[in-house]
$ cat data22.txt   # compact mmCIF, C-alpha atoms and all ligand atoms
# COMPACT_ATOMS: atom_id res chain seq x y z
CA MET A 1 109.73 91.70 89.02
CA HIS A 2 111.63 89.79 86.41
CA GLU A 3 109.25 86.83 86.28
CA VAL A 4 108.05 87.67 82.77
CA GLY A 5 111.53 87.46 81.31
CA ILE A 6 112.22 84.25 83.19
CA MET A 7 108.97 82.70 82.05
CA GLN A 8 109.64 83.63 78.42
CA GLY A 9 112.99 81.89 78.73
CA ALA A 10 111.32 78.84 80.25
CA VAL A 11 108.77 78.58 77.45
CA LEU A 12 111.49 79.02 74.85
CA THR A 13 113.60 76.28 76.41
CA ALA A 14 110.57 74.04 76.67
CA GLU A 15 109.72 74.55 73.01
CA GLN A 16 113.27 73.67 71.97
CA GLN A 17 113.12 70.48 74.01
CA ALA A 18 109.68 69.57 72.70
CA ARG A 19 110.75 70.11 69.13
CA ALA A 20 113.85 68.01 69.65
CA HIS A 21 111.54 65.16 70.68
CA GLY A 22 109.23 65.62 67.74
CA ALA A 23 106.38 66.99 69.85
CA THR A 24 104.11 69.84 68.86
CA ARG A 25 102.16 70.47 72.05
CA ILE A 26 103.31 71.18 75.58
CA HIS A 27 100.65 70.15 78.09
CA LYS A 28 102.51 70.65 81.31
CA LEU A 29 105.65 72.36 82.50
CA ARG A 30 107.15 71.58 85.89
CA LEU A 31 109.44 74.09 87.50
CA ARG A 32 111.46 73.87 90.69
CA VAL A 33 111.66 77.21 92.40
CA GLY A 34 113.79 77.76 95.48
CA GLN A 35 112.48 79.88 98.34
CA LEU A 36 115.59 82.02 98.02
CA SER A 37 115.61 82.24 94.23
CA GLY A 38 114.12 85.71 94.28
CA VAL A 39 111.10 84.89 92.14
CA VAL A 40 107.50 84.79 93.25
CA PRO A 41 105.56 81.65 92.21
CA GLU A 42 102.29 83.59 91.82
CA ALA A 43 104.01 86.04 89.51
CA LEU A 44 105.40 83.14 87.49
CA GLN A 45 101.91 81.69 87.06
CA PHE A 46 100.67 85.07 85.95
CA ALA A 47 103.58 85.49 83.56
CA PHE A 48 103.02 82.01 82.13
CA GLU A 49 99.58 83.02 80.88
CA ALA A 50 101.12 85.78 78.84
CA ALA A 51 104.34 84.07 77.81
CA SER A 52 102.66 80.90 76.55
CA LEU A 53 100.23 82.65 74.18
CA GLY A 54 100.95 81.65 70.60
CA THR A 55 103.46 78.99 71.64
CA MET A 56 103.28 75.20 71.92
CA ALA A 57 102.53 75.70 75.61
CA GLU A 58 99.39 77.75 75.09
CA GLY A 59 96.59 76.29 77.18
CA GLY A 60 99.07 74.15 79.12
CA VAL A 61 99.52 73.88 82.84
CA LEU A 62 102.38 75.24 84.89
CA GLU A 63 103.27 73.25 88.00
CA ILE A 64 105.64 74.82 90.48
CA GLU A 65 107.45 72.84 93.12
CA THR A 66 108.81 75.08 95.83
CA VAL A 67 112.16 74.04 97.20
CA PRO A 68 112.50 75.05 100.84
CA ALA A 69 115.63 76.89 101.86
CA THR A 70 117.99 74.49 103.59
CA PHE A 71 121.19 75.48 105.33
CA TRP A 72 124.17 73.49 106.59
CA CYS A 73 125.91 74.11 109.88
CA ALA A 74 129.54 73.05 109.56
CA ARG A 75 130.04 73.13 113.32
CA CYS A 76 127.20 70.72 114.11
CA GLN A 77 127.35 68.87 110.78
CA VAL A 78 123.59 69.18 110.31
CA GLU A 79 121.24 70.49 107.70
CA PHE A 80 118.36 72.60 108.87
CA PRO A 81 115.40 74.25 107.18
CA CYS A 82 115.05 77.96 107.25
CA PRO A 83 111.56 79.07 106.28
CA ASP A 84 111.95 82.61 107.59
CA PHE A 85 115.34 83.21 105.92
CA LEU A 86 117.11 83.55 109.24
CA PRO A 87 119.60 80.72 109.09
CA GLU A 88 119.89 80.07 112.82
CA CYS A 89 121.26 76.61 113.56
CA PRO A 90 118.77 74.86 115.86
CA HIS A 91 121.65 73.22 117.75
CA CYS A 92 124.27 75.88 118.28
CA GLY A 93 122.30 79.00 117.40
CA GLN A 94 124.96 80.30 115.02
CA MET A 95 123.82 82.28 111.98
CA ASP A 96 126.57 81.41 109.54
CA GLY A 97 125.05 78.34 107.93
CA GLU A 98 125.83 77.66 104.30
CA LEU A 99 122.93 77.71 101.87
CA ARG A 100 122.55 74.19 100.46
CA ARG A 101 119.18 74.37 98.70
CA GLY A 102 116.70 77.10 97.97
CA ARG A 103 118.19 79.00 95.03
CA GLU A 104 116.89 76.60 92.35
CA LEU A 105 115.18 78.01 89.31
CA GLU A 106 114.86 75.08 87.02
CA LEU A 107 112.70 73.59 84.31
CA CYS A 108 112.70 70.00 85.51
CA SER A 109 110.24 68.13 83.33
CA MET A 110 107.32 68.45 80.94
CA GLU A 111 104.46 66.55 79.34
CA VAL A 112 104.29 66.82 75.57
CA SER A 113 102.62 65.18 72.61
CA MET B 1 103.55 93.60 91.58
CA CYS B 2 105.34 95.50 88.88
CA LYS B 3 103.88 94.96 85.46
CA GLU B 4 106.11 97.78 84.25
CA CYS B 5 109.20 95.70 84.36
CA GLY B 6 108.43 93.21 81.66
CA CYS B 7 112.05 92.16 81.95
CA GLY B 8 113.01 91.28 78.42
CA LEU B 9 109.68 92.32 76.97
CA GLY B 10 111.51 94.51 74.55
CA GLY B 11 112.19 97.63 76.55
CA PRO B 12 114.70 99.45 74.39
CA ILE B 13 117.91 98.63 76.22
CA GLN B 14 120.65 101.08 75.42
CA VAL B 15 124.35 101.21 76.08
CA ASN B 16 125.57 104.79 76.10
CA GLY B 17 122.52 105.79 74.13
CA GLU B 18 122.89 103.17 71.42
CA PRO B 19 120.42 100.34 71.14
CA LEU B 20 121.59 96.97 72.34
CA ASN B 21 120.46 93.97 70.38
CA PRO B 22 119.25 91.91 73.34
CA SER B 23 120.79 88.65 72.31
CA SER B 24 123.66 89.32 69.98
CA LEU B 25 126.06 87.49 72.31
CA ASP B 26 124.11 84.31 72.12
CA ASP B 27 122.81 82.91 68.87
CA SER B 28 121.18 79.83 70.32
CA SER B 29 118.59 81.89 72.09
CA HIS B 30 117.59 83.76 68.99
CA ASP B 31 115.18 81.14 68.00
CA TYR B 32 111.99 83.09 68.37
CA GLY B 33 110.45 81.68 65.22
CA HIS B 34 107.84 79.66 67.09
CA SER B 35 107.62 77.50 64.01
CA HIS B 36 104.47 75.67 64.92
CA GLU B 37 105.31 72.41 63.23
CA SER B 38 102.13 71.08 61.84
CA HIS B 39 100.94 67.62 62.59
CA PRO B 40 103.62 65.29 61.20
CA HIS B 41 101.29 63.19 59.03
CA ASP B 42 98.19 64.35 57.33
CA HIS B 43 95.26 62.25 58.27
CA ASP B 44 92.58 63.48 60.56
CA HIS B 45 91.67 60.70 62.99
CA ALA B 46 91.87 61.70 66.62
CA HIS B 47 95.07 60.47 68.23
CA PRO B 48 94.91 59.07 71.71
CA PRO B 49 96.48 61.69 73.93
CA ALA B 50 99.81 59.88 74.15
CA HIS B 51 101.51 62.33 76.42
CA GLN B 52 105.20 61.86 76.59
CA HIS B 53 107.09 62.71 79.76
CA LEU B 54 110.37 64.57 79.23
CA GLU B 55 112.98 65.11 81.91
CA VAL B 56 114.73 68.39 81.27
CA HIS B 57 116.53 69.70 84.37
CA GLN B 58 117.74 72.95 82.94
CA SER B 59 118.42 76.09 84.91
CA LEU B 60 116.35 79.02 83.73
CA LEU B 61 119.23 81.35 84.41
CA GLN B 62 121.64 79.15 82.51
CA LYS B 63 122.27 81.62 79.73
CA ASN B 64 122.95 84.48 82.11
CA ASP B 65 125.18 82.32 84.28
CA ARG B 66 127.21 81.25 81.25
CA LEU B 67 127.70 84.83 80.14
CA ALA B 68 128.59 85.83 83.71
CA GLU B 69 131.31 83.18 83.67
CA ARG B 70 132.55 84.66 80.43
CA ASN B 71 132.62 88.10 82.01
CA ARG B 72 134.56 86.71 84.95
CA GLY B 73 137.19 85.35 82.60
CA TYR B 74 137.42 88.70 80.87
CA PHE B 75 137.78 90.55 84.18
CA ARG B 76 140.47 88.14 85.30
CA ALA B 77 142.43 88.67 82.10
CA LYS B 78 142.16 92.43 82.61
CA HIS B 79 143.21 92.24 86.28
CA TRP B 80 140.12 94.15 87.29
CA LEU B 81 138.38 93.86 90.63
CA VAL B 82 134.65 94.08 89.87
CA LEU B 83 131.85 95.16 92.21
CA ASN B 84 128.11 94.74 91.69
CA VAL B 85 126.45 97.47 93.75
CA LEU B 86 122.81 96.94 94.74
CA SER B 87 120.29 98.90 96.77
CA SER B 88 116.87 100.48 96.81
CA PRO B 89 116.44 103.56 94.65
CA GLY B 90 118.13 106.61 96.08
CA SER B 91 120.08 104.98 98.89
CA GLY B 92 123.25 106.64 97.67
CA LYS B 93 124.89 104.36 95.11
CA THR B 94 125.99 106.98 92.62
CA THR B 95 127.26 109.33 95.29
CA LEU B 96 129.19 106.52 96.94
CA VAL B 97 130.65 105.38 93.62
CA GLN B 98 131.82 108.89 92.84
CA LYS B 99 133.38 109.46 96.28
CA THR B 100 135.00 106.04 96.19
CA ALA B 101 136.62 106.78 92.83
CA GLU B 102 137.85 110.13 94.10
CA HIS B 103 139.14 108.66 97.33
CA LEU B 104 141.03 105.94 95.47
CA ARG B 105 142.74 108.35 93.06
CA GLY B 106 146.43 107.53 92.88
CA ARG B 107 145.77 104.04 94.25
CA LEU B 108 143.24 102.33 92.01
CA ARG B 109 141.88 103.51 88.67
CA VAL B 110 138.12 103.23 88.79
CA GLY B 111 135.67 102.79 85.91
CA VAL B 112 131.91 102.57 86.22
CA VAL B 113 129.02 100.87 84.47
CA VAL B 114 125.73 102.32 85.60
CA GLY B 115 122.28 100.93 84.94
CA ASP B 116 119.08 102.93 85.14
CA LEU B 117 115.61 102.52 83.72
CA ALA B 118 115.74 105.93 82.09
CA THR B 119 117.95 109.05 81.91
CA ASP B 120 121.71 109.15 81.99
CA ASN B 121 121.84 111.54 84.92
CA ASP B 122 124.02 109.22 86.97
CA ALA B 123 126.49 108.75 84.14
CA ALA B 124 126.61 112.49 83.51
CA ARG B 125 127.40 113.13 87.18
CA LEU B 126 130.23 110.63 87.16
CA ARG B 127 131.61 111.79 83.82
CA ALA B 128 131.68 115.34 85.13
CA ALA B 129 133.82 114.04 87.99
CA GLY B 130 136.32 112.68 85.46
CA ILE B 131 135.41 109.02 85.94
CA PRO B 132 135.21 106.72 82.88
CA VAL B 133 131.61 105.60 82.74
CA VAL B 134 129.27 103.65 80.49
CA GLN B 135 125.53 104.04 80.94
CA ILE B 136 123.13 101.16 80.36
CA THR B 137 119.59 102.41 79.95
CA THR B 138 117.42 99.39 80.56
CA GLY B 139 114.09 100.80 79.44
CA THR B 140 111.66 98.58 81.30
CA LEU B 141 114.12 96.09 82.70
CA CYS B 142 114.43 96.11 86.48
CA HIS B 143 117.93 94.67 86.76
CA LEU B 144 121.18 94.29 84.84
CA GLU B 145 122.09 91.03 83.13
CA ALA B 146 125.50 89.65 82.32
CA GLU B 147 125.04 90.25 78.60
CA MET B 148 124.45 93.99 79.04
CA VAL B 149 127.55 94.26 81.17
CA ALA B 150 129.58 92.45 78.51
CA HIS B 151 128.51 95.02 75.92
CA ALA B 152 129.12 97.92 78.25
CA VAL B 153 132.65 96.94 79.24
CA GLU B 154 133.68 96.73 75.60
CA ARG B 155 133.44 100.50 75.71
CA LEU B 156 135.86 100.74 78.59
CA GLN B 157 138.54 98.79 76.73
CA GLY B 158 140.61 101.86 76.11
CA ASP B 159 140.63 102.95 79.76
CA PRO B 160 143.30 101.38 81.94
CA LEU B 161 141.40 100.31 85.06
CA ASP B 162 141.94 98.42 88.30
CA LEU B 163 138.45 98.54 89.71
CA LEU B 164 135.19 98.30 87.80
CA ILE B 165 132.10 99.30 89.73
CA ILE B 166 128.76 98.18 88.31
CA GLU B 167 125.95 100.27 89.73
CA ASN B 168 122.86 98.13 89.32
CA VAL B 169 119.31 99.39 88.86
CA GLY B 170 117.82 100.62 92.14
CA ASN B 171 115.83 97.54 93.18
CA LEU B 172 116.37 95.05 96.00
CA VAL B 173 114.56 92.12 94.39
CA CYS B 174 115.36 91.28 90.80
CA PRO B 175 119.08 92.11 90.59
CA ALA B 176 119.74 89.52 93.30
CA ALA B 177 119.05 86.68 90.89
CA TYR B 178 121.53 87.77 88.22
CA ASP B 179 125.22 87.02 88.44
CA LEU B 180 127.11 89.60 86.39
CA GLY B 181 130.50 87.95 86.80
CA GLU B 182 131.46 90.27 89.65
CA HIS B 183 133.91 89.42 92.42
CA LEU B 184 132.04 91.22 95.18
CA ARG B 185 128.39 91.99 95.75
CA VAL B 186 127.95 95.20 97.62
CA VAL B 187 124.56 96.01 99.14
CA LEU B 188 123.65 99.43 100.50
CA LEU B 189 121.20 100.19 103.28
CA SER B 190 120.69 103.87 103.92
CA VAL B 191 119.72 105.03 107.39
CA THR B 192 116.42 106.46 106.16
CA GLU B 193 115.10 103.16 104.81
CA GLY B 194 114.33 101.29 107.99
CA GLU B 195 116.40 98.79 109.90
CA ASP B 196 114.33 95.81 108.77
CA LYS B 197 115.23 95.94 105.05
CA PRO B 198 117.52 92.91 105.39
CA LEU B 199 114.64 90.89 106.84
CA LYS B 200 112.29 91.98 104.07
CA TYR B 201 114.70 91.35 101.20
CA PRO B 202 116.82 88.46 102.42
CA PRO B 203 118.07 87.05 99.10
CA VAL B 204 119.96 90.18 98.14
CA PHE B 205 121.31 90.72 101.63
CA HIS B 206 122.23 87.08 101.98
CA SER B 207 124.32 87.16 98.82
CA ALA B 208 126.30 90.26 99.81
CA HIS B 209 130.06 90.24 100.37
CA ALA B 210 129.95 93.75 101.73
CA ALA B 211 127.02 95.51 103.39
CA LEU B 212 127.19 99.28 103.65
CA LEU B 213 125.15 101.42 105.99
CA THR B 214 125.03 104.69 104.09
CA LYS B 215 124.10 108.31 104.87
CA MET B 216 125.30 107.83 108.45
CA ASP B 217 125.42 111.64 108.77
CA LEU B 218 121.61 111.50 108.80
CA ALA B 219 121.38 108.70 111.36
CA GLN B 220 120.33 110.84 114.26
CA ALA B 221 117.83 112.94 112.33
CA ALA B 222 116.29 109.77 110.93
CA GLY B 223 116.01 108.17 114.35
CA PHE B 224 118.10 105.33 113.00
CA ASP B 225 118.43 102.35 115.36
CA ARG B 226 122.02 101.40 114.62
CA GLU B 227 122.18 98.34 116.87
CA ARG B 228 119.06 96.84 115.34
CA ALA B 229 120.26 97.46 111.79
CA LEU B 230 123.64 95.89 112.55
CA SER B 231 122.04 92.91 114.21
CA ASN B 232 119.71 92.35 111.24
CA LEU B 233 122.64 92.64 108.86
CA ARG B 234 124.73 90.18 110.87
CA ARG B 235 121.88 87.70 110.79
CA ILE B 236 121.18 87.84 107.07
CA SER B 237 124.41 89.10 105.51
CA HIS B 238 126.63 86.88 107.56
CA HIS B 239 129.28 86.51 104.87
CA ALA B 240 129.52 90.25 104.51
CA ARG B 241 131.98 92.78 105.83
CA ILE B 242 129.92 95.60 107.26
CA PHE B 243 130.83 99.27 106.83
CA GLU B 244 129.20 102.42 108.17
CA LEU B 245 129.66 105.31 105.80
CA SER B 246 128.72 108.79 104.85
CA ALA B 247 129.65 109.79 101.34
CA ARG B 248 128.80 113.34 102.35
CA THR B 249 131.10 113.72 105.36
CA GLY B 250 133.61 111.06 104.34
CA GLN B 251 133.02 109.04 107.50
CA GLY B 252 134.12 105.44 107.01
CA MET B 253 135.43 106.07 103.48
CA ALA B 254 139.06 105.37 104.38
CA GLU B 255 138.24 101.97 105.82
CA TRP B 256 136.02 101.09 102.85
CA CYS B 257 138.68 102.10 100.34
CA ASP B 258 141.38 100.17 102.22
CA PHE B 259 139.13 97.13 101.99
CA LEU B 260 138.81 97.61 98.22
CA THR B 261 142.54 98.02 97.80
CA GLN B 262 143.16 94.83 99.71
CA GLN B 263 140.44 92.98 97.78
CA HIS B 264 141.98 94.17 94.53
CA ARG B 265 145.26 92.62 95.58
CA THR B 266 143.58 89.35 96.57
CA HIS B 267 141.53 88.98 93.43
CA THR B 268 144.08 90.03 90.86
CA SER B 269 147.30 88.53 92.15
CA PRO B 270 148.47 85.40 90.33
CA PRO B 271 147.23 82.12 91.89
CA PRO B 272 150.35 81.01 93.82
CA SER B 273 150.55 84.16 95.92
CA SER B 274 146.80 84.63 96.39
CA ALA B 275 146.67 82.14 99.25
CA HIS B 276 145.09 84.37 101.86
CA ALA B 277 143.51 87.74 102.28
N1 LIG C 1 123.02 113.26 103.73
C1 LIG C 1 123.48 112.42 102.81
N2 LIG C 1 122.89 112.37 101.60
C2 LIG C 1 123.38 111.51 100.67
C3 LIG C 1 124.50 110.68 100.95
N3 LIG C 1 124.74 109.93 99.84
C4 LIG C 1 123.82 110.30 98.92
N4 LIG C 1 123.00 111.25 99.42
C5 LIG C 1 121.86 111.89 98.73
O1 LIG C 1 120.84 110.95 98.49
C6 LIG C 1 120.22 111.20 97.22
C7 LIG C 1 120.29 109.96 96.34
O2 LIG C 1 121.65 109.65 96.11
P1 LIG C 1 122.16 108.87 94.84
O3 LIG C 1 123.63 108.70 94.99
O4 LIG C 1 121.67 109.48 93.58
O5 LIG C 1 121.40 107.49 95.05
P2 LIG C 1 121.34 106.25 94.04
O6 LIG C 1 121.25 105.03 94.89
O7 LIG C 1 122.42 106.30 93.06
O8 LIG C 1 119.95 106.49 93.33
P3 LIG C 1 119.35 105.71 92.04
O9 LIG C 1 120.48 105.50 91.07
O10 LIG C 1 118.30 106.62 91.55
O11 LIG C 1 118.82 104.42 92.58
C8 LIG C 1 120.94 112.41 96.63
O12 LIG C 1 120.20 113.54 96.91
C9 LIG C 1 122.27 112.42 97.38
O13 LIG C 1 122.83 113.70 97.49
C10 LIG C 1 125.12 110.78 102.25
O14 LIG C 1 126.09 110.10 102.58
N5 LIG C 1 124.56 111.65 103.13
ZN ZN C 2 111.44 92.93 88.10
ZN ZN C 3 125.18 74.54 114.55
ZN ZN C 4 122.39 106.06 91.03
$ encode --input "data22.txt" --output "structure tokens" --more "lines below"
Ligand SMILES: Nc1nc2c(ncn2[C@@H]2O[C@H](COP(=O)(O)OP(=O)(O)OP(=O)(O)O)[C@@H](O)[C@H]2O)c(=O)[nH]1
Ligand SMILES: [Zn+2]
Ligand SMILES: [Zn+2]
Ligand SMILES: [Zn+2]
Amino acid sequence: MHEVGIMQGAVLTAEQQARAHGATRIHKLRLRVGQLSGVVPEALQFAFEAASLGTMAEGGVLEIETVPATFWCARCQVEFPCPDFLPECPHCGQMDGELRRGRELELCSMEVS
Amino acid sequence: MCKECGCGLGGPIQVNGEPLNPSSLDDSSHDYGHSHESHPHDHDHAHPPAHQHLEVHQSLLQKNDRLAERNRGYFRAKHWLVLNVLSSPGSGKTTLVQKTAEHLRGRLRVGVVVGDLATDNDAARLRAAGIPVVQITTGTLCHLEAEMVAHAVERLQGDPLDLLIIENVGNLVCPAAYDLGEHLRVVLLSVTEGEDKPLKYPPVFHSAHAALLTKMDLAQAAGFDRERALSNLRRISHHARIFELSARTGQGMAEWCDFLTQQHRTHTSPPPSSAHA
């Protein structure tokens, strides 16, 4: 898994942002993680423990919002969720939906002081 | 879960045996000082915990995506068609790459970048077959990133190429998240792995432009359920062209190589004439 590398990047980005706002502590990090992003939220939590040691985020909390995979059927002009990764349009049954959401891997906000 | 692959945790990444400074392409990220700014004023009363909320909205793969875009520009300028080849370990990537290069001789000049955790066995095999190759030894890293590819291709500058094949680390999970700047993602599924791999690893199969059933010569011995594998692939890899191949017998190689030749034309012709494939 590549969650450790990703988490190190997240902490680094967070520290840069915190510093730019004159903060010295990061209390909370909020990530948005798409179901199809290829990372495992539990592994991110685990990696956060290690990656935050000795940084402004040490002792902070990691909140992960999971973004469900959502596909778009061009034929039926509808969006539909796809929890099992099989993008079958509920109206026409076709499998060629376009992935609209679910690949996010984003640091969206944080609490600092 | 693999603790081995500390992805970026300082596994000695090497390009053709020489160490790669992990971030020499990007200065902004080399900010590891963790300068713990001390409290801005020096009195010691307890501050109320005035937590400030910051909106950030920054992609965690931003740096890789930016470098992948840079690679894409480089590939375009070179008129290279670039493949990112992904699969489980041992499903036949190196063998396929070698046979593809040999099959295309006289049509397209093929160069290879190959990533492995350790050893340069794959590179040695390809080099022995007369194919220009650069090895990236990732150490502990379970996937290739755009930056490593950028360093590796510098070493192919002298070789006139039409097609660059990047053989990723054998792993169906992590490589899926990293754009390398390729034109086509190629995912292999060998007949001995089980027909349900696409269902188990949907992100990588979903992102494929070409899905290759490999080692078809072993299909019968492996009790391979071809219909089920094809149906799973069509469900998950629905943007992908599907090929059934055996690098050993050559089955399907002509069709695969015709596809590459045609894709090379599509992706490297100047914009006005590149209207349709
Ligand atoms: N029967 C048969 N064997 C094959 C075929 N292609 C590859 N093999 C064998 O499968 C084994 C693994 O092949 P490789 O090409 O090294 O696989 P790989 O995906 O590059 O492996 P890693 O780089 O270690 O992930 C070797 O013993 C190959 O000879 C094929 O089409 N048919
Ligand atoms: Zn990994
Ligand atoms: Zn539909
Ligand atoms: Zn290989």
$ residues_near_ligand --input "data22.txt" --ligand "ligand ZN 4 (chain C)" --cutoff "7 Å" --atoms "all atoms listed in the file" --output "NGL selection string"
:B and (90 or 92-94 or 122 or 167)
$ residues_around --input "data22.txt" --residues "region 43-50 of chain A" --least-positions-apart "6" --cutoff "7 Å" --atoms "only C-alpha atoms" --output "list of chain:residue names"
A:Glu3, A:Val4, A:Met7, A:Leu62
$ write_last_selection --input "data22.txt" --atoms "C-alpha atoms" --output "mmCIF file, in the frame of the given file"
data_model
loop_
_atom_site.group_PDB
_atom_site.id
_atom_site.type_symbol
_atom_site.label_atom_id
_atom_site.label_comp_id
_atom_site.auth_asym_id
_atom_site.auth_seq_id
_atom_site.Cartn_x
_atom_site.Cartn_y
_atom_site.Cartn_z
ATOM 1 C CA GLU A 3 109.250 86.830 86.280
ATOM 2 C CA VAL A 4 108.050 87.670 82.770
ATOM 3 C CA MET A 7 108.970 82.700 82.050
ATOM 4 C CA LEU A 62 102.380 75.240 84.890
#
$ residues_around --input "data22.txt" --residues "Arg25 (chain A)" --least-positions-apart "4" --cutoff "7 Å" --atoms "only C-alpha atoms" --output "JSON list (two decimals) with C-alpha atoms, in the frame of the given file"
[["chain", "number", "residue", "atom", "x", "y", "z"],
["A", 56, "MET", "CA", 103.28, 75.20, 71.92],
["A", 57, "ALA", "CA", 102.53, 75.70, 75.61],
["A", 112, "VAL", "CA", 104.29, 66.82, 75.57],
["A", 113, "SER", "CA", 102.62, 65.18, 72.61]]
$ residues_around --input "data22.txt" --residues "region 64-68 of chain A" --least-positions-apart "2" --cutoff "9 Å" --atoms "all atoms listed in the file" --output "list in words"
Leu29, Arg30, Leu31, Arg32, Val33, Gly34, Gln35, Leu36, Pro41, Leu44, Gln45, Leu62, Thr70, Pro81, Cys82, Pro83, Arg101, Gly102, Arg103 and Glu104 of chain A
$ atom_distance --input "data22.txt" --atom1 "CA of Asp258 (chain B)" --atom2 "CA of Pro203 (chain B)"
26.9 Å
$ atom_distance --input "data22.txt" --atom1 "CA of Ala146 (chain B)" --atom2 "CA of Asp120 (chain B)"
19.9 Å
$ residues_near_ligand --input "data22.txt" --ligand "ligand LIG 1 (chain C)" --cutoff "7 Å" --atoms "all atoms listed in the file" --output "JSON, numbers by chain"
{"B": [87, 88, 89, 90, 91, 92, 93, 94, 95, 96, 116, 122, 169, 170, 214, 215, 216, 217, 218, 245, 246, 247, 248, 249]}
$ residues_near_ligand --input "data22.txt" --ligand "ligand ZN 3 (chain C)" --cutoff "10 Å" --atoms "only C-alpha atoms and all ligand atoms" --output "PDB file with C-alpha atoms, keeping the file's coordinate frame"
ATOM      1  CA  TRP A  72     124.170  73.490 106.590  1.00  0.00           C
ATOM      2  CA  CYS A  73     125.910  74.110 109.880  1.00  0.00           C
ATOM      3  CA  ALA A  74     129.540  73.050 109.560  1.00  0.00           C
ATOM      4  CA  ARG A  75     130.040  73.130 113.320  1.00  0.00           C
ATOM      5  CA  CYS A  76     127.200  70.720 114.110  1.00  0.00           C
ATOM      6  CA  GLN A  77     127.350  68.870 110.780  1.00  0.00           C
ATOM      7  CA  VAL A  78     123.590  69.180 110.310  1.00  0.00           C
ATOM      8  CA  GLU A  79     121.240  70.490 107.700  1.00  0.00           C
ATOM      9  CA  PHE A  80     118.360  72.600 108.870  1.00  0.00           C
ATOM     10  CA  PRO A  87     119.600  80.720 109.090  1.00  0.00           C
ATOM     11  CA  GLU A  88     119.890  80.070 112.820  1.00  0.00           C
ATOM     12  CA  CYS A  89     121.260  76.610 113.560  1.00  0.00           C
ATOM     13  CA  PRO A  90     118.770  74.860 115.860  1.00  0.00           C
ATOM     14  CA  HIS A  91     121.650  73.220 117.750  1.00  0.00           C
ATOM     15  CA  CYS A  92     124.270  75.880 118.280  1.00  0.00           C
ATOM     16  CA  GLY A  93     122.300  79.000 117.400  1.00  0.00           C
ATOM     17  CA  GLN A  94     124.960  80.300 115.020  1.00  0.00           C
ATOM     18  CA  MET A  95     123.820  82.280 111.980  1.00  0.00           C
ATOM     19  CA  ASP A  96     126.570  81.410 109.540  1.00  0.00           C
ATOM     20  CA  GLY A  97     125.050  78.340 107.930  1.00  0.00           C
TER      21      GLY A  97
END
$ closest_residue --input "data22.txt" --among "B:Leu144, B:Ala254, B:Ala150, B:Leu180" --to "ligand ZN 2 (chain C)" --atoms "all atoms listed in the file"
B:Leu144
$ closest_residue --input "data22.txt" --among "B:Asn71, B:Thr119, B:Ser231, B:Ser269" --to "chain A" --atoms "all atoms listed in the file"
B:Ser231
$ closest_residue --input "data22.txt" --among "B:Ser59, B:Gln14, B:Thr138, B:Gln263" --to "chain A" --atoms "all atoms listed in the file"
B:Ser59
$ interface_residues --input "data22.txt" --of "chain A" --to "chain B" --cutoff "7 Å" --atoms "all atoms listed in the file" --output "ChimeraX atom specification"
/A:1-2,4-6,9-10,24,36-38,55,85-86,95-96,105-113
$ residues_around --input "data22.txt" --residues "region 124-134 of chain B" --least-positions-apart "4" --cutoff "10 Å" --atoms "all atoms listed in the file" --output "ChimeraX atom specification"
/B:15-17,94-95,97-99,101-102,109-115,119-120,149,151-156,158-161,164-166
$ atom_distance --input "data22.txt" --atom1 "CA of Ala240 (chain B)" --atom2 "CA of Pro270 (chain B)"
24.2 Å
$ closest_residue --input "data22.txt" --among "A:Leu12, A:Ile26, A:Val40, A:Ala69" --to "ligand ZN 2 (chain C)" --atoms "all atoms listed in the file"
A:Val40
$ build_atoms --input "data22.txt" --residues "region 51-59 of chain A" --atoms "N, CA and C atoms" --output "short mmCIF file (atom, residue, chain, number, x, y, z; two decimals), in the frame of the given file"
data_model
loop_
_atom_site.label_atom_id
_atom_site.label_comp_id
_atom_site.auth_asym_id
_atom_site.auth_seq_id
_atom_site.Cartn_x
_atom_site.Cartn_y
_atom_site.Cartn_z
N ALA A 51 103.19 84.54 78.58
CA ALA A 51 104.34 84.07 77.81
C ALA A 51 104.01 82.86 76.95
N SER A 52 102.95 82.12 77.30
CA SER A 52 102.66 80.90 76.55
C SER A 52 101.75 81.15 75.34
N LEU A 53 101.14 82.33 75.30
CA LEU A 53 100.23 82.65 74.18
C LEU A 53 100.97 82.53 72.85
N GLY A 54 100.35 81.79 71.93
CA GLY A 54 100.95 81.65 70.60
C GLY A 54 102.13 80.71 70.56
N THR A 55 102.37 79.97 71.64
CA THR A 55 103.46 78.99 71.64
C THR A 55 102.86 77.58 71.79
N MET A 56 103.73 76.59 71.74
CA MET A 56 103.28 75.20 71.92
C MET A 56 102.69 74.99 73.31
N ALA A 57 102.98 75.88 74.23
CA ALA A 57 102.53 75.70 75.61
C ALA A 57 101.21 76.40 75.89
N GLU A 58 100.66 77.05 74.88
CA GLU A 58 99.39 77.75 75.09
C GLU A 58 98.33 76.77 75.59
N GLY A 59 97.62 77.16 76.63
CA GLY A 59 96.59 76.29 77.18
C GLY A 59 97.14 75.21 78.11
#
